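Colleague: Have a look at this one.
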Amino acid sequence: MRFDFDDEQREIKDTARQFLATRFKPEKVRELAEAGTYDDSLWSEISELGWAGIAIDEEHGGQGLGMVELMILCEELGHACAPLPFLSNACAGLVVETAGSEEQKGRWLPGIASGEGRGAFGDPEVLIDGEGAACAVVYGSDDEVRVVDLDGVSLEPLDLIDATRRYSAPLGDGAGETVPGAFAPATDRILIAVAADLVGIAQRAMEMAVEYAKDRKQFDRPIGAYQAVSHQCAEMLYDVEEARSLTYFAAWAADAEPDSLPMAAAMAKARASEAAWSVCKSSIQVHGGIGFTWEHDLHFLLKRARAGARLFGTASQHRERVAALAGLG
Amino acid sequence: MRFDFDDEQREIKDTARQFLATRFKPEKVRELAEAGTYDDSLWSEISELGWAGIAIDEEHGGQGLGMVELMILCEELGHACAPLPFLSNACAGLVVETAGSEEQKGRWLPGIASGEGRGAFGDPEVLIDGEGAACAVVYGSDDEVRVVDLDGVSLEPLDLIDATRRYSAPLGDGAGETVPGAFAPATDRILIAVAADLVGIAQRAMEMAVEYAKDRKQFDRPIGAYQAVSHQCAEMLYDVEEARSLTYFAAWAADAEPDSLPMAAAMAKARASEAAWSVCKSSIQVHGGIGFTWEHDLHFLLKRARAGARLFGTASQHRERVAALAGLG
Amino acid sequence: MDLTLNDSEAAFRDEVRTWLEANHPGEEPAGDIEAFKFRRAWQKQMHEAGWAGISWPKEFGGRGATLIEQAIFAGEMARADAPSPANILGLVMGGPVIMAHGTDEQKERWLEPILSGEEIWCQGFSEPESGSDLASLKTKAVKENGGWRATGQKVWTTFAHESKWCMLVARTDQEAPKHKGLTYFICDMEQEGVEIRPLVQITGEAEFNEVFFEGAYIPDENVVGGEGNGWMVAITTLMNERAGLGGGAAVAISRDLGRLVELIKEHDLQDDPVVRQKVADLSIRAEALRLGGMRALTAQMKTGIPGPEGSIGKWEWAKLNQDLAELACDVLGVEGLEKGGPWTYKMLRSRANSIEGGTTEVMKNIIAERVLGLPRLR
Amino acid sequence: MDLTLNDSEAAFRDEVRTWLEANHPGEEPAGDIEAFKFRRAWQKQMHEAGWAGISWPKEFGGRGATLIEQAIFAGEMARADAPSPANILGLVMGGPVIMAHGTDEQKERWLEPILSGEEIWCQGFSEPESGSDLASLKTKAVKENGGWRATGQKVWTTFAHESKWCMLVARTDQEAPKHKGLTYFICDMEQEGVEIRPLVQITGEAEFNEVFFEGAYIPDENVVGGEGNGWMVAITTLMNERAGLGGGAAVAISRDLGRLVELIKEHDLQDDPVVRQKVADLSIRAEALRLGGMRALTAQMKTGIPGPEGSIGKWEWAKLNQDLAELACDVLGVEGLEKGGPWTYKMLRSRANSIEGGTTEVMKNIIAERVLGLPRLR
């Protein structure tokens, strides 16, 4: 029993943290978010590191690692608030790999794994990162999941508050080809990926609040010496750590204990959705006026947290699933 | 426009506060609660002051005052945590007066008003203060309200945590005589009476916490100088004042603006139920270990708050009513 | 207790309502400059009808309305969704502070143009390093023949670029203890030593500004309340602000709540028990806010000054506004994430409600210390 | 990450489980004295099978189990709903403190009777005037030939009337600063100078006692860790307490959660969406508590000592236990108000969870200061 990363996983995490800290400095995130674009060369660089295909099997050009490794990257990308089409591509990969036909796998996975033919991801409400993607994996309103060739498809951009990702209007149920396999396991894994992004966001927003509370003085002492502030920070840690425990466990369960996956994934998404939104709000409160300005970086986190909490099912919806799985039928 | 008591109401409140402070000192409340009895002479004394019939019309031996005056007494009785069959008797009076037949009024109101032939009060779950009462007003599980002559009826005591009132098992739907009138207005008034009791309890529990926070020293200063404590106290005031505003308004509406009564009463009961329970819990927390001992008086308040919050409909149930009245149908 | 309006109050309400129905200027135009022009015209119109200085004494050109009439007026303005007059800070802070602490010359010079909206006022209190701890402000003013030179930075200054005058608190004595040594100035914004930069918020709008004073000149006659009395004068101003801006809050929330109920029905969620519990909770808190306002007003009528209990209302209002907008966005789904959507805007904008005008933490301190009598922090 | 048990751990778990199934002593009898006798016999039985001192090194008669084995054991105990051994404070606090700070003679004298349950231990730290601020304690001990005379009052002492020994912290130097000048004694409870009064709680039960020391005699050889080192020794004890008592908490909560789900079905509320949201919320928090415990254990295996993160678990557990019991009582309706009902008892009893063993406010301080590195309060 060991609830901690092994050396290889630790290495992935540390490398990702360092790499992202140099590539996605706050001013870079701001530049991309304000322009509403991605930096293709950064995507290439990340793909060359093998991140895009981290959880895709080697046969299709991936690294063949597991959900834990994918989750580690997602958390770090959330922590960096990185504008990248990573999450959508990973989600597309999870579905095609788990539920796609052999033909679909052969056709789409190599591009997803190499990052050169990205997958977009959508549900009946929104499509994420469709622009520039080769294909889109789309959850339909008819409970079918389809792979859509995006070649020649025109997209209608949606201008959402989260400027670190690209959104467009949903594709509808007409296009594409149904995936033949059971997609529930992929869906659960997708929840974990988003939850990890949210954990990273929450962690970052908390770090910023703690940092500020140590520096900022009011009434002749650091505001972090007042319980009104320090206890808010303690509550942030409470939220972050609960969300993190549940998310890490869910990722491990995806790899090692599939029976526990559905409950664990629903719990992780529910808790991480609430934690990220709540921590970002508290962090603004701790920052006071400055945290409410555009020039401060907090709002990029706040908005990404809000979007992530909403997408792929809200906390309420996942609690409803938890209730059913917890024995209330 | 004046959201405050007039001189006469202020006088009633001050007199009640003073009277109850001398008659229901904490040691007296404890003595009665631990013995599980009422003090009949105190009931007689209170009845002689005209309290039992305060809102009953003069024709039937009451004082003919309104819901505001009754509410004032209820709040003060809650504040004193007084073990008395006042609330049940007042509830019985409200129903018979508002919805009873002339014959029922003539038969029961004079005793209720004088306190010499008390009314008990019950719902499908519990009967309050049946022992020693002349009659009981009972809400049946069949949506009928009945007056039951308690002469010769044997009661099965229920041992609830609230030791400041006497409870017994419900009478069932068989006995008694249906009240012919519309009882909804009486029901709303009953909610206000209970809400006022809860406001009084909350006020008292808050006063005790504030007092303690001023006196008790830890780490060389009064604990009330720490925001962890002082902000909890501020939150108590927030709860108490919201519950109070809503309860006072509902009482005024009962007397002066009947159209607003149903919504106002539901709001008051919902908010006061949560406020009293929450303030009592916080007060224990502020007191620390000592507040958890039997020898401290807080638990009598806590338990009365819990019972009051449950009886006559929970906060959830009344919020459901509010939602309907607020336009959600 | 009497929560109805008496005949004269009811007549007043009808008068306001009728006037607003007949004179409502319609929706604000888009664009900051256009919107401000619109509100300036609206204030002129209000002033001509005698509504601009509703709380001001008649001797200073106001209507001398009672507190209740003021509350009725604020409620009717909110009910009609009428825009604020352009010179709101002049009306609720600048004017009252001049009337209370100004010289006759100052009253003569400044009051009328405030009322008419001819001269807009802004407030220069907050600084980057002094938010809740106002007395720690660093902007300083140094004596220079017949006047002062002010240097420093202010933030959260509304409509600075439209303003003629700034209520500026600056340190004039470096040696004196923190709360002493401050002086309250009225500084001319139309001069070289004043630079204004818009401060964009997380909503993407620039409702506020940063103002840089770099040797801005202020003549002696623009000192209010005497040298070194700035703290005391500023406190009066802030009390006026909190009382003056809070008036229509409950009405505005109740209007938003009505919109939320409609939204829920449009999304066919009216039968969802969880949504119903939340709406009921918001309704109850909104009603408590409204009633608490009436109680505070009654108390103020007795004592003459707004009591510290008002801090509960500020706190309540902030939380309520935030929770309401959040629920609306939840109901809207992805639409509630759309940039520029009215509820999305409100959800983001409301995050500042628990910071601006005194943080919720400061409100709790005030309640603990001044209402409950708990020992002062530290 | 590997959250499964390895073969040897799984074998250990099976061993514990099998033994508990075969040896579970059944339900505790009613009545405090009977119940204690029962638990004493149970401890004897555990000791004979080698389970009593599970965490103790083998050289002192324990099993020398790894941290994981200890956690497994606590989990299995909770799972089987097995009673605690009678001498729980001796096992998790008294023994470890003697092993860490005691002399060879002390180890020889005290350890074996702790394990066997022959001599029960209690804890004399808290006083009426010193709760969270332990160092402010007032009980004093004065030197007297070959020993000390202790005078003062302790509270929250569990099983004082059954105890042979009390871990007593008393002030031995009035002049020294607060945290110095304390000494850690092992005081014989069976003497005239010790008076015990039951302390009835809001539940109506007397789980704790007040203990009055009136010149109680303690020989020099009963000082642990040396005169004046009481604070340091006490802190070790408390750390052991928090780690030792927390083990089965998550399992116990998960068992209660299962009961709650059954209760909800019995009351036909399983389709109520509001109830479902609440149950899910509790389930999620219970799972987070369980997983957080595993993370803390992993960290402790690396560093050797329980980290300050454990404070999150204490806080989580308290709140969760309270909310769970409250929901159960809500579901029960009037039955949830009945004195003596198991859920009613739990609802009342759980109010102390956020106070005992360190208040939630103190937990937040610890997290803020020791985990997040925020400046110390004051």
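Naming works like this for the structure tokens: A, B, ... for the chains as they're shown, residue 1 at the start of each chain, ligands 1 onward in shown order.
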Just need the residues of chain C within 6 Å of chain B, counting only C-alpha atoms, so spit them out as a ChimeraX atom specification.
Modeller: /C:1-5,270,276-277,280,284,288,291,295,298,364,367-368,374-377
Colleague: Check the DSSP output for the backbone and give back, as number ranges by chain, the residues of region 144-332 of chain C in helix (DSSP H, G or I).
Modeller: C: 160-162, 220-222, 230-246, 249-266, 273-303, 310-332
Colleague: Using only C-alpha atoms and a cut-off of 12 Å, which residues of chain C sit close to chain D? Please list them as an mmCIF file with N, CA, C and O atoms, in the first residue's frame.
Modeller:
data_model
loop_
_atom_site.group_PDB
_atom_site.id
_atom_site.type_symbol
_atom_site.label_atom_id
_atom_site.label_comp_id
_atom_site.auth_asym_id
_atom_site.auth_seq_id
_atom_site.Cartn_x
_atom_site.Cartn_y
_atom_site.Cartn_z
ATOM 1 N N ASP C 271 -39.641 22.180 -11.506
ATOM 2 C CA ASP C 271 -40.008 21.055 -10.643
ATOM 3 C C ASP C 271 -38.808 20.357 -10.018
ATOM 4 O O ASP C 271 -38.963 19.376 -9.296
ATOM 5 N N ASP C 272 -37.624 20.862 -10.285
ATOM 6 C CA ASP C 272 -36.434 20.247 -9.702
ATOM 7 C C ASP C 272 -36.329 20.652 -8.229
ATOM 8 O O ASP C 272 -36.138 21.822 -7.899
ATOM 9 N N PRO C 273 -36.466 19.670 -7.327
ATOM 10 C CA PRO C 273 -36.507 20.016 -5.897
ATOM 11 C C PRO C 273 -35.248 20.719 -5.405
ATOM 12 O O PRO C 273 -35.325 21.555 -4.508
ATOM 13 N N VAL C 274 -34.102 20.391 -5.988
ATOM 14 C CA VAL C 274 -32.873 21.034 -5.537
ATOM 15 C C VAL C 274 -32.882 22.508 -5.940
ATOM 16 O O VAL C 274 -32.554 23.393 -5.153
ATOM 17 N N VAL C 275 -33.312 22.768 -7.173
ATOM 18 C CA VAL C 275 -33.426 24.144 -7.644
ATOM 19 C C VAL C 275 -34.453 24.905 -6.793
ATOM 20 O O VAL C 275 -34.234 26.055 -6.399
ATOM 21 N N ARG C 276 -35.542 24.263 -6.479
ATOM 22 C CA ARG C 276 -36.590 24.906 -5.682
ATOM 23 C C ARG C 276 -36.067 25.304 -4.294
ATOM 24 O O ARG C 276 -36.338 26.399 -3.808
ATOM 25 N N GLN C 277 -35.298 24.399 -3.689
ATOM 26 C CA GLN C 277 -34.721 24.733 -2.378
ATOM 27 C C GLN C 277 -33.819 25.955 -2.478
ATOM 28 O O GLN C 277 -33.823 26.825 -1.618
ATOM 29 N N LYS C 278 -33.058 26.005 -3.557
ATOM 30 C CA LYS C 278 -32.123 27.122 -3.705
ATOM 31 C C LYS C 278 -32.859 28.440 -3.942
ATOM 32 O O LYS C 278 -32.494 29.477 -3.389
ATOM 33 N N LEU C 377 -9.737 43.290 17.758
ATOM 34 C CA LEU C 377 -8.710 42.404 17.210
ATOM 35 C C LEU C 377 -7.337 42.918 17.644
ATOM 36 O O LEU C 377 -7.109 44.107 17.666
ATOM 37 N N ARG C 378 -6.455 42.005 17.936
ATOM 38 C CA ARG C 378 -5.024 42.171 18.340
ATOM 39 C C ARG C 378 -4.873 42.467 19.807
ATOM 40 O O ARG C 378 -5.806 42.490 20.577
#
Colleague: Can you work out the spacing between CA of Gly95 (chain D) and CA of Glu227 (chain D) in Å, to one decimal?
Modeller: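 Result for CA of Gly95 (chain D) versus CA of Glu227 (chain D): 19.4 Å, one decimal.
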Colleague: At what distance in Å, to one decimal, does CA of Ala216 (chain D) lie from CA of Glu192 (chain D)?
Modeller: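 Computing it gives 7.1 Å between the two atoms.
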Colleague: I want to know what sits within 8 Å of region 334-345 of chain C, based on only C-alpha atoms, with residues of the same chain fewer than 4 positions away left out; could you give that as a ChimeraX atom specification?
Modeller: /A:125-126,158-162,306-307,310-311 /C:203,325,328-330,349
Colleague: What is the CA of Leu332 (chain C) to CA of Gly289 (chain A) distance in Å?
Modeller: 27.9 Å
Colleague: Closest to Asp123 (chain B) among B:Asp173, B:Glu76, B:Glu48, B:Glu97, using only C-alpha atoms?
Modeller: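 Using only C-alpha atoms, Asp123 (chain B) sits closest to B:Asp173.
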